[in-house]
file protein.pdb (PDB, C-alpha atoms)
MODEL        1
ATOM      1  CA  MET A 230      22.004   8.870   0.281
ATOM      2  CA  THR A 231      19.504   7.674   2.866
ATOM      3  CA  ARG A 232      20.158   4.133   4.078
ATOM      4  CA  ILE A 233      16.924   2.127   3.980
ATOM      5  CA  ALA A 234      16.281  -1.259   5.570
ATOM      6  CA  VAL A 235      13.225  -3.134   4.300
ATOM      7  CA  ILE A 236      12.088  -5.807   6.724
ATOM      8  CA  GLY A 237      10.145  -8.353   4.692
ATOM      9  CA  GLY A 238      11.000  -9.460   1.166
ATOM     10  CA  GLY A 239       7.472 -10.231   0.018
ATOM     11  CA  ARG A 240       5.670  -8.598  -2.894
ATOM     12  CA  ILE A 241       5.220  -5.190  -1.256
ATOM     13  CA  GLY A 242       8.769  -5.097   0.097
ATOM     14  CA  GLU A 243      10.145  -6.106  -3.297
ATOM     15  CA  ALA A 244       7.996  -3.496  -5.064
ATOM     16  CA  LEU A 245       9.437  -0.774  -2.836
ATOM     17  CA  VAL A 246      13.011  -1.959  -3.446
ATOM     18  CA  SER A 247      12.438  -2.100  -7.196
ATOM     19  CA  GLY A 248      10.917   1.384  -7.233
ATOM     20  CA  LEU A 249      13.731   2.860  -5.163
ATOM     21  CA  LEU A 250      16.380   1.377  -7.448
ATOM     22  CA  GLN A 251      14.571   2.640 -10.541
ATOM     23  CA  GLY A 252      14.264   6.043  -8.868
ATOM     24  CA  GLY A 253      18.022   6.376  -8.515
ATOM     25  CA  HIS A 254      18.791   4.916  -5.092
ATOM     26  CA  SER A 255      21.997   2.909  -4.956
ATOM     27  CA  ALA A 256      21.828  -0.799  -4.149
ATOM     28  CA  ARG A 257      24.554  -0.088  -1.568
ATOM     29  CA  ASP A 258      22.080   1.986   0.428
ATOM     30  CA  LEU A 259      19.349  -0.685   0.482
ATOM     31  CA  VAL A 260      19.206  -3.815   2.593
ATOM     32  CA  VAL A 261      16.420  -6.364   3.015
ATOM     33  CA  ALA A 262      15.684  -8.629   5.950
ATOM     34  CA  GLU A 263      14.192 -11.907   4.716
ATOM     35  CA  GLN A 264      13.965 -15.123   6.716
ATOM     36  CA  TYR A 265      13.436 -17.599   3.874
ATOM     37  CA  PRO A 266      16.766 -18.566   2.216
ATOM     38  CA  ALA A 267      15.307 -19.260  -1.235
ATOM     39  CA  ARG A 268      13.562 -15.896  -1.307
ATOM     40  CA  ALA A 269      16.692 -14.176  -0.016
ATOM     41  CA  GLU A 270      18.749 -15.677  -2.844
ATOM     42  CA  GLU A 271      16.128 -14.596  -5.388
ATOM     43  CA  LEU A 272      16.189 -10.994  -4.173
ATOM     44  CA  THR A 273      19.976 -10.873  -4.151
ATOM     45  CA  ALA A 274      20.195 -12.276  -7.674
ATOM     46  CA  THR A 275      17.523  -9.950  -9.042
ATOM     47  CA  TYR A 276      18.531  -6.653  -7.422
ATOM     48  CA  SER A 277      22.159  -7.144  -6.328
ATOM     49  CA  ILE A 278      21.286  -6.015  -2.807
ATOM     50  CA  ARG A 279      22.325  -7.349   0.568
ATOM     51  CA  VAL A 280      19.800  -9.614   2.281
ATOM     52  CA  THR A 281      20.354 -10.329   5.940
ATOM     53  CA  THR A 282      18.702 -10.609   9.375
ATOM     54  CA  ILE A 283      16.372  -8.048  10.931
ATOM     55  CA  GLU A 284      18.926  -7.036  13.527
ATOM     56  CA  ASP A 285      21.706  -6.579  10.981
ATOM     57  CA  ALA A 286      19.466  -4.708   8.537
ATOM     58  CA  ALA A 287      18.192  -2.258  11.154
ATOM     59  CA  GLU A 288      21.621  -1.479  12.563
ATOM     60  CA  GLY A 289      22.742   1.812  11.032
ATOM     61  CA  ALA A 290      19.693   2.285   8.792
ATOM     62  CA  ASP A 291      18.193   5.775   8.566
ATOM     63  CA  VAL A 292      14.758   4.398   7.693
ATOM     64  CA  ILE A 293      13.437   1.011   8.830
ATOM     65  CA  VAL A 294      10.497  -0.144   6.716
ATOM     66  CA  VAL A 295       8.329  -2.900   8.211
ATOM     67  CA  ALA A 296       6.744  -4.684   5.264
ATOM     68  CA  VAL A 297       5.476  -7.882   6.870
ATOM     69  CA  LYS A 298       2.102  -9.431   7.593
ATOM     70  CA  PRO A 299       0.338  -7.967  10.653
ATOM     71  CA  THR A 300       0.758 -11.258  12.497
ATOM     72  CA  ASP A 301       4.547 -10.974  12.148
ATOM     73  CA  VAL A 302       4.870  -7.456  13.549
ATOM     74  CA  ASP A 303       5.405  -8.534  17.153
ATOM     75  CA  SER A 304       8.271 -10.836  16.179
ATOM     76  CA  VAL A 305       9.833  -7.949  14.218
ATOM     77  CA  LEU A 306       9.547  -5.696  17.275
ATOM     78  CA  THR A 307      11.169  -8.395  19.407
ATOM     79  CA  ALA A 308      14.088  -8.523  16.987
ATOM     80  CA  LEU A 309      14.351  -4.711  16.893
ATOM     81  CA  GLY A 310      14.511  -4.772  20.689
ATOM     82  CA  LYS A 311      17.955  -6.343  20.333
ATOM     83  CA  VAL A 312      19.226  -3.411  18.233
ATOM     84  CA  ASP A 313      20.615  -0.148  19.612
ATOM     85  CA  LEU A 314      17.966   2.218  18.271
ATOM     86  CA  ASP A 315      18.602   4.866  20.885
ATOM     87  CA  GLY A 316      21.992   6.068  19.673
ATOM     88  CA  GLU A 317      23.090   9.389  18.217
ATOM     89  CA  GLN A 318      21.730   8.526  14.745
ATOM     90  CA  GLU A 319      18.119   9.618  14.249
ATOM     91  CA  GLN A 320      16.107   6.775  12.739
ATOM     92  CA  ILE A 321      12.534   6.484  11.463
ATOM     93  CA  LEU A 322      10.299   3.446  11.418
ATOM     94  CA  VAL A 323       7.802   3.159   8.561
ATOM     95  CA  SER A 324       5.056   0.558   8.934
ATOM     96  CA  LEU A 325       3.374  -0.937   5.882
ATOM     97  CA  ALA A 326       1.628  -3.581   8.003
ATOM     98  CA  ALA A 327      -2.153  -3.298   7.675
ATOM     99  CA  GLY A 328      -4.171  -2.525  10.790
ATOM    100  CA  ILE A 329      -1.245  -1.895  13.148
ATOM    101  CA  PRO A 330      -1.445   1.544  14.833
ATOM    102  CA  THR A 331       1.637   3.653  15.471
ATOM    103  CA  ALA A 332       1.062   3.312  19.217
ATOM    104  CA  ARG A 333       1.791  -0.424  18.983
ATOM    105  CA  TYR A 334       5.289   0.418  17.794
ATOM    106  CA  GLU A 335       5.833   3.459  19.988
ATOM    107  CA  VAL A 336       5.399   1.528  23.240
ATOM    108  CA  LYS A 337       8.018  -1.020  22.141
ATOM    109  CA  LEU A 338      10.591   1.381  20.707
ATOM    110  CA  PRO A 339      12.811   3.895  22.552
ATOM    111  CA  ALA A 340      10.982   6.959  23.874
ATOM    112  CA  GLY A 341      10.302   9.552  21.197
ATOM    113  CA  PHE A 342      11.043   7.213  18.284
ATOM    114  CA  PRO A 343       9.285   8.527  15.137
ATOM    115  CA  VAL A 344       6.845   6.097  13.522
ATOM    116  CA  VAL A 345       4.985   6.678  10.256
ATOM    117  CA  ARG A 346       2.077   4.419   9.375
ATOM    118  CA  VAL A 347       1.484   3.728   5.688
ATOM    119  CA  MET A 348      -1.424   2.122   3.884
ATOM    120  CA  PRO A 349      -0.077   1.068   0.472
ATOM    121  CA  ASN A 350      -1.929  -0.844  -2.221
ATOM    122  CA  THR A 351      -0.851  -3.519  -4.666
ATOM    123  CA  PRO A 352      -0.557  -1.332  -7.825
ATOM    124  CA  MET A 353       2.747  -0.202  -6.317
ATOM    125  CA  LEU A 354       4.009  -3.468  -7.859
ATOM    126  CA  VAL A 355       3.823  -1.693 -11.236
ATOM    127  CA  GLY A 356       4.826   1.741  -9.957
ATOM    128  CA  GLN A 357       1.220   2.973  -9.763
ATOM    129  CA  GLY A 358       0.489   2.630  -6.080
ATOM    130  CA  ALA A 359      -1.643   4.937  -3.953
ATOM    131  CA  SER A 360       0.193   5.165  -0.639
ATOM    132  CA  VAL A 361      -1.331   7.041   2.288
ATOM    133  CA  VAL A 362       0.855   8.123   5.206
ATOM    134  CA  ALA A 363      -0.157   8.980   8.758
ATOM    135  CA  PRO A 364       2.440  10.392  11.171
ATOM    136  CA  GLY A 365       2.803   9.131  14.706
ATOM    137  CA  ARG A 366       3.193  11.344  17.771
ATOM    138  CA  HIS A 367       6.930  11.951  17.419
ATOM    139  CA  VAL A 368       7.149  12.550  13.672
ATOM    140  CA  LYS A 369       8.634  15.871  12.553
ATOM    141  CA  PRO A 370       7.862  17.535   9.186
ATOM    142  CA  GLU A 371      11.278  16.517   7.829
ATOM    143  CA  HIS A 372      10.597  12.883   8.759
ATOM    144  CA  LEU A 373       7.336  12.956   6.856
ATOM    145  CA  ASP A 374       8.958  14.603   3.840
ATOM    146  CA  LEU A 375      11.592  11.863   3.722
ATOM    147  CA  VAL A 376       9.001   9.068   3.913
ATOM    148  CA  ARG A 377       6.878  10.717   1.234
ATOM    149  CA  SER A 378       9.891  10.989  -1.080
ATOM    150  CA  ILE A 379      10.643   7.294  -0.602
ATOM    151  CA  LEU A 380       7.090   6.196  -1.375
ATOM    152  CA  ALA A 381       6.845   8.541  -4.363
ATOM    153  CA  SER A 382       9.115   6.092  -6.203
ATOM    154  CA  VAL A 383       6.205   3.635  -6.453
ATOM    155  CA  GLY A 384       3.206   5.938  -7.032
ATOM    156  CA  THR A 385       1.266   8.772  -5.443
ATOM    157  CA  VAL A 386       1.450   9.730  -1.776
ATOM    158  CA  THR A 387      -1.308  11.301   0.347
ATOM    159  CA  THR A 388      -1.094  12.376   4.005
ATOM    160  CA  VAL A 389      -3.984  11.955   6.465
ATOM    161  CA  PRO A 390      -4.345  11.851  10.254
ATOM    162  CA  GLU A 391      -4.143   8.329  11.628
ATOM    163  CA  SER A 392      -7.812   8.491  12.642
ATOM    164  CA  GLN A 393      -8.671   8.245   8.910
ATOM    165  CA  ILE A 394      -6.465   5.255   8.082
ATOM    166  CA  ASP A 395      -9.275   2.719   8.527
ATOM    167  CA  ALA A 396     -11.364   4.596   5.960
ATOM    168  CA  VAL A 397      -8.317   4.807   3.669
ATOM    169  CA  THR A 398      -7.874   1.045   4.013
ATOM    170  CA  ALA A 399     -11.450   0.563   2.846
ATOM    171  CA  VAL A 400     -11.075   2.900  -0.144
ATOM    172  CA  SER A 401      -7.584   2.423  -1.569
ATOM    173  CA  GLY A 402      -6.010  -0.379   0.440
ATOM    174  CA  SER A 403      -8.730  -2.868  -0.468
ATOM    175  CA  GLY A 404      -9.798  -0.912  -3.563
ATOM    176  CA  PRO A 405      -7.889  -2.975  -6.162
ATOM    177  CA  ALA A 406      -9.960  -6.026  -5.184
ATOM    178  CA  TYR A 407     -13.210  -4.171  -5.958
ATOM    179  CA  PHE A 408     -11.781  -3.132  -9.318
ATOM    180  CA  PHE A 409     -10.685  -6.677 -10.173
ATOM    181  CA  LEU A 410     -14.092  -8.005  -9.122
ATOM    182  CA  ALA A 411     -15.809  -5.535 -11.474
ATOM    183  CA  VAL A 412     -13.489  -6.602 -14.298
ATOM    184  CA  GLU A 413     -14.219 -10.252 -13.554
ATOM    185  CA  ALA A 414     -17.982  -9.622 -13.568
ATOM    186  CA  MET A 415     -17.870  -7.691 -16.855
ATOM    187  CA  ILE A 416     -15.811 -10.390 -18.557
ATOM    188  CA  ASP A 417     -18.222 -13.088 -17.377
ATOM    189  CA  ALA A 418     -21.168 -11.009 -18.611
ATOM    190  CA  GLY A 419     -19.487 -10.551 -21.999
ATOM    191  CA  VAL A 420     -18.997 -14.310 -22.289
ATOM    192  CA  ALA A 421     -22.645 -14.870 -21.347
ATOM    193  CA  LEU A 422     -23.587 -12.467 -24.152
ATOM    194  CA  GLY A 423     -21.682 -14.568 -26.672
ATOM    195  CA  LEU A 424     -18.137 -13.167 -26.767
ATOM    196  CA  ALA A 425     -15.072 -15.390 -26.562
ATOM    197  CA  ARG A 426     -13.450 -15.055 -23.113
ATOM    198  CA  ALA A 427     -10.191 -13.784 -24.623
ATOM    199  CA  THR A 428     -12.085 -11.116 -26.564
ATOM    200  CA  ALA A 429     -14.171 -10.066 -23.564
ATOM    201  CA  SER A 430     -11.044  -9.901 -21.394
ATOM    202  CA  GLU A 431      -9.136  -7.755 -23.887
ATOM    203  CA  LEU A 432     -12.040  -5.347 -24.288
ATOM    204  CA  VAL A 433     -12.773  -4.993 -20.590
ATOM    205  CA  VAL A 434      -9.148  -4.535 -19.526
ATOM    206  CA  GLN A 435      -8.454  -1.891 -22.182
ATOM    207  CA  THR A 436     -11.714  -0.134 -21.371
ATOM    208  CA  MET A 437     -10.667   0.055 -17.726
ATOM    209  CA  VAL A 438      -7.145   1.252 -18.592
ATOM    210  CA  GLY A 439      -8.439   3.894 -20.991
ATOM    211  CA  SER A 440     -11.166   5.093 -18.645
ATOM    212  CA  ALA A 441      -8.703   5.419 -15.744
ATOM    213  CA  ALA A 442      -6.340   7.407 -17.967
ATOM    214  CA  MET A 443      -9.183   9.739 -18.999
ATOM    215  CA  LEU A 444     -10.126  10.301 -15.377
ATOM    216  CA  ALA A 445      -6.522  10.944 -14.318
ATOM    217  CA  GLU A 446      -5.783  13.348 -17.173
ATOM    218  CA  SER A 447      -9.118  15.157 -17.401
ATOM    219  CA  GLU A 448     -10.185  18.099 -15.276
ATOM    220  CA  GLU A 449     -13.725  16.695 -15.280
ATOM    221  CA  SER A 450     -15.114  14.583 -12.466
ATOM    222  CA  ALA A 451     -16.142  10.943 -12.741
ATOM    223  CA  THR A 452     -19.762  12.109 -12.746
ATOM    224  CA  ASP A 453     -19.112  14.470 -15.655
ATOM    225  CA  LEU A 454     -17.312  11.804 -17.685
ATOM    226  CA  ARG A 455     -20.040   9.240 -17.022
ATOM    227  CA  THR A 456     -22.710  11.714 -18.049
ATOM    228  CA  ALA A 457     -20.873  12.430 -21.303
ATOM    229  CA  VAL A 458     -21.011   8.723 -22.218
ATOM    230  CA  THR A 459     -24.655   8.330 -21.183
ATOM    231  CA  SER A 460     -26.914   9.533 -23.999
ATOM    232  CA  PRO A 461     -30.561   9.937 -22.952
ATOM    233  CA  GLY A 462     -32.499   6.806 -23.857
ATOM    234  CA  GLY A 463     -29.364   5.063 -25.163
ATOM    235  CA  THR A 464     -27.601   1.787 -24.415
ATOM    236  CA  THR A 465     -25.442   3.169 -21.599
ATOM    237  CA  ALA A 466     -28.471   4.751 -19.925
ATOM    238  CA  ALA A 467     -30.211   1.364 -19.990
ATOM    239  CA  ALA A 468     -27.180  -0.311 -18.389
ATOM    240  CA  VAL A 469     -26.685   2.374 -15.731
ATOM    241  CA  ARG A 470     -30.378   2.190 -14.837
ATOM    242  CA  GLU A 471     -30.024  -1.531 -14.118
ATOM    243  CA  LEU A 472     -26.896  -0.993 -12.021
ATOM    244  CA  GLU A 473     -28.659   1.669  -9.964
ATOM    245  CA  ARG A 474     -31.748  -0.539  -9.655
ATOM    246  CA  GLY A 475     -29.497  -3.307  -8.373
ATOM    247  CA  GLY A 476     -28.302  -1.087  -5.551
ATOM    248  CA  LEU A 477     -24.746  -0.508  -6.758
ATOM    249  CA  ARG A 478     -24.129   2.598  -4.642
ATOM    250  CA  THR A 479     -25.561   1.022  -1.503
ATOM    251  CA  ALA A 480     -23.517  -2.130  -2.075
ATOM    252  CA  PHE A 481     -20.323  -0.095  -2.394
ATOM    253  CA  TYR A 482     -21.061   1.876   0.760
ATOM    254  CA  GLU A 483     -21.814  -1.264   2.761
ATOM    255  CA  ALA A 484     -18.685  -2.961   1.397
ATOM    256  CA  LEU A 485     -16.391  -0.064   2.253
ATOM    257  CA  ALA A 486     -17.971   0.361   5.681
ATOM    258  CA  ALA A 487     -17.379  -3.341   6.378
ATOM    259  CA  ALA A 488     -13.733  -3.007   5.316
ATOM    260  CA  ARG A 489     -13.296   0.077   7.512
ATOM    261  CA  ASP A 490     -14.809  -1.691  10.512
ATOM    262  CA  ARG A 491     -12.652  -4.782   9.993
ATOM    263  CA  SER A 492      -9.535  -2.596   9.776
ATOM    264  CA  ALA A 493     -10.478  -0.989  13.095
ATOM    265  CA  GLU A 494     -10.999  -4.427  14.642
ATOM    266  CA  LEU A 495      -7.576  -5.589  13.511
ATOM    267  CA  GLY A 496      -5.967  -2.476  14.932
ATOM    268  CA  ALA A 497      -7.706  -2.996  18.275
ATOM    269  CA  THR A 498      -6.643  -6.648  18.598
ATOM    270  CA  PRO A 499      -4.697  -7.005  21.870
ATOM    271  CA  GLU A 500      -1.115  -8.225  21.765
TER     272      GLU A 500
ENDMDL
END
call {"tool": "encode", "arguments": {"input": "protein.pdb", "output": "structure tokens"}}
result
Amino acid sequence: MTRIAVIGGGRIGEALVSGLLQGGHSARDLVVAEQYPARAEELTATYSIRVTTIEDAAEGADVIVVAVKPTDVDSVLTALGKVDLDGEQEQILVSLAAGIPTARYEVKLPAGFPVVRVMPNTPMLVGQGASVVAPGRHVKPEHLDLVRSILASVGTVTTVPESQIDAVTAVSGSGPAYFFLAVEAMIDAGVALGLARATASELVVQTMVGSAAMLAESEESATDLRTAVTSPGGTTAAAVRELERGGLRTAFYEALAAARDRSAELGATPE
């Protein structure tokens, strides 16, 4: 089995570990690097895996997954600089850190070291993530296949060139927040219309779950499904008219463009 070191035991790192274990990976082939003792103990107790230092975790791992905050990436690279990554064993680095380009890693790692950049999203915590991978300059097809198989344990996997990662960040990386905001707004509107908050919450959440399932399982597009619900002159048509009048499409475009631009700014931040 592939030996995988996950650097960072936060929510995303834990979600990946959980998904890998559920997907059949042995706990013996997983190791986590986590600096906070209490969190390390929690991970060990929950998953029966070894939790150690960055240097120890990376030594001998086939795949090194960096699942830390962007501000912690440089300290991770400093620690990896103390590890012999230029031996006979071919290793891959997978970055789940938002906004950090593969070039940032490549200049710090041994020449020719393969780096795959990943934009995950938080639904991977429940095995329903949408992970997008972008290969660095030295990534071979077999490297990419391995990374895709690892991420498939926590959801879907899509491959794009790195030039599109900022747009991906705006769509799927930040996307769950837009969804939760829409749910929040609909619940508040239901309460304002006289429903109990618990009732409004139950109805909105199930409506979202059911609608997403229809979209995933149907061969029809979102436009087709929306049209099927929208009877001419009916209640849905009245609601959709108000949403369009309020500039919903423009607001979404401006929001996603702002997220894309911010992602590009973060990636361009000098060390």
call {"tool": "atom_distance", "arguments": {"input": "protein.pdb", "atom1": "atom CA of A:Ala327", "atom2": "atom CA of A:Leu373"}}
result
18.8 Å
call {"tool": "closest_residue", "arguments": {"input": "protein.pdb", "among": "A:Met348, A:Ala421, A:Ala308, A:Ala441", "to": "A:Leu380", "atoms": "all atoms listed in the file"}}
result
A:Met348
call {"tool": "residues_around", "arguments": {"input": "protein.pdb", "residues": "A:Val292", "least_positions_apart": "4", "cutoff": "8 Å", "atoms": "all atoms listed in the file", "output": "list in words"}}
result
Thr231, Arg232, Ile233, Ala234, Gln320, Ile321, Leu322 and Val323 of chain A
call {"tool": "atom_distance", "arguments": {"input": "protein.pdb", "atom1": "atom CA of A:Arg240", "atom2": "atom CA of A:Gly252"}}
result
18.0 Å
call {"tool": "resolve_selection", "arguments": {"input": "protein.pdb", "expression": "the PyMOL selection byres ((chain A and resi 293) around 12)", "output": "NGL selection string"}}
result
:A and (231-237 or 242 or 259-262 or 283-292 or 294-296 or 305-306 or 309 or 312 or 314 or 319-325 or 342-346 or 376 or 379)
call {"tool": "residues_near_point", "arguments": {"input": "protein.pdb", "point": "(24.0, 8.8, -1.3)", "cutoff": "10 Å", "atoms": "all atoms listed in the file", "output": "JSON, numbers by chain"}}
result
{"A": [230, 231, 232, 253, 254, 255, 257, 258]}
call {"tool": "residues_around", "arguments": {"input": "protein.pdb", "residues": "A:Phe481", "least_positions_apart": "4", "cutoff": "12 Å", "atoms": "only C-alpha atoms", "output": "mmCIF file with C-alpha atoms, in the coordinates of the input"}}
result
data_model
loop_
_atom_site.group_PDB
_atom_site.id
_atom_site.type_symbol
_atom_site.label_atom_id
_atom_site.label_comp_id
_atom_site.auth_asym_id
_atom_site.auth_seq_id
_atom_site.Cartn_x
_atom_site.Cartn_y
_atom_site.Cartn_z
ATOM 1 C CA ALA A 399 -11.450 0.563 2.846
ATOM 2 C CA VAL A 400 -11.075 2.900 -0.144
ATOM 3 C CA GLY A 404 -9.798 -0.912 -3.563
ATOM 4 C CA TYR A 407 -13.210 -4.171 -5.958
ATOM 5 C CA PHE A 408 -11.781 -3.132 -9.318
ATOM 6 C CA ALA A 411 -15.809 -5.535 -11.474
ATOM 7 C CA LEU A 472 -26.896 -0.993 -12.021
ATOM 8 C CA GLU A 473 -28.659 1.669 -9.964
ATOM 9 C CA GLY A 475 -29.497 -3.307 -8.373
ATOM 10 C CA GLY A 476 -28.302 -1.087 -5.551
ATOM 11 C CA LEU A 477 -24.746 -0.508 -6.758
ATOM 12 C CA LEU A 485 -16.391 -0.064 2.253
ATOM 13 C CA ALA A 486 -17.971 0.361 5.681
ATOM 14 C CA ALA A 487 -17.379 -3.341 6.378
ATOM 15 C CA ALA A 488 -13.733 -3.007 5.316
#
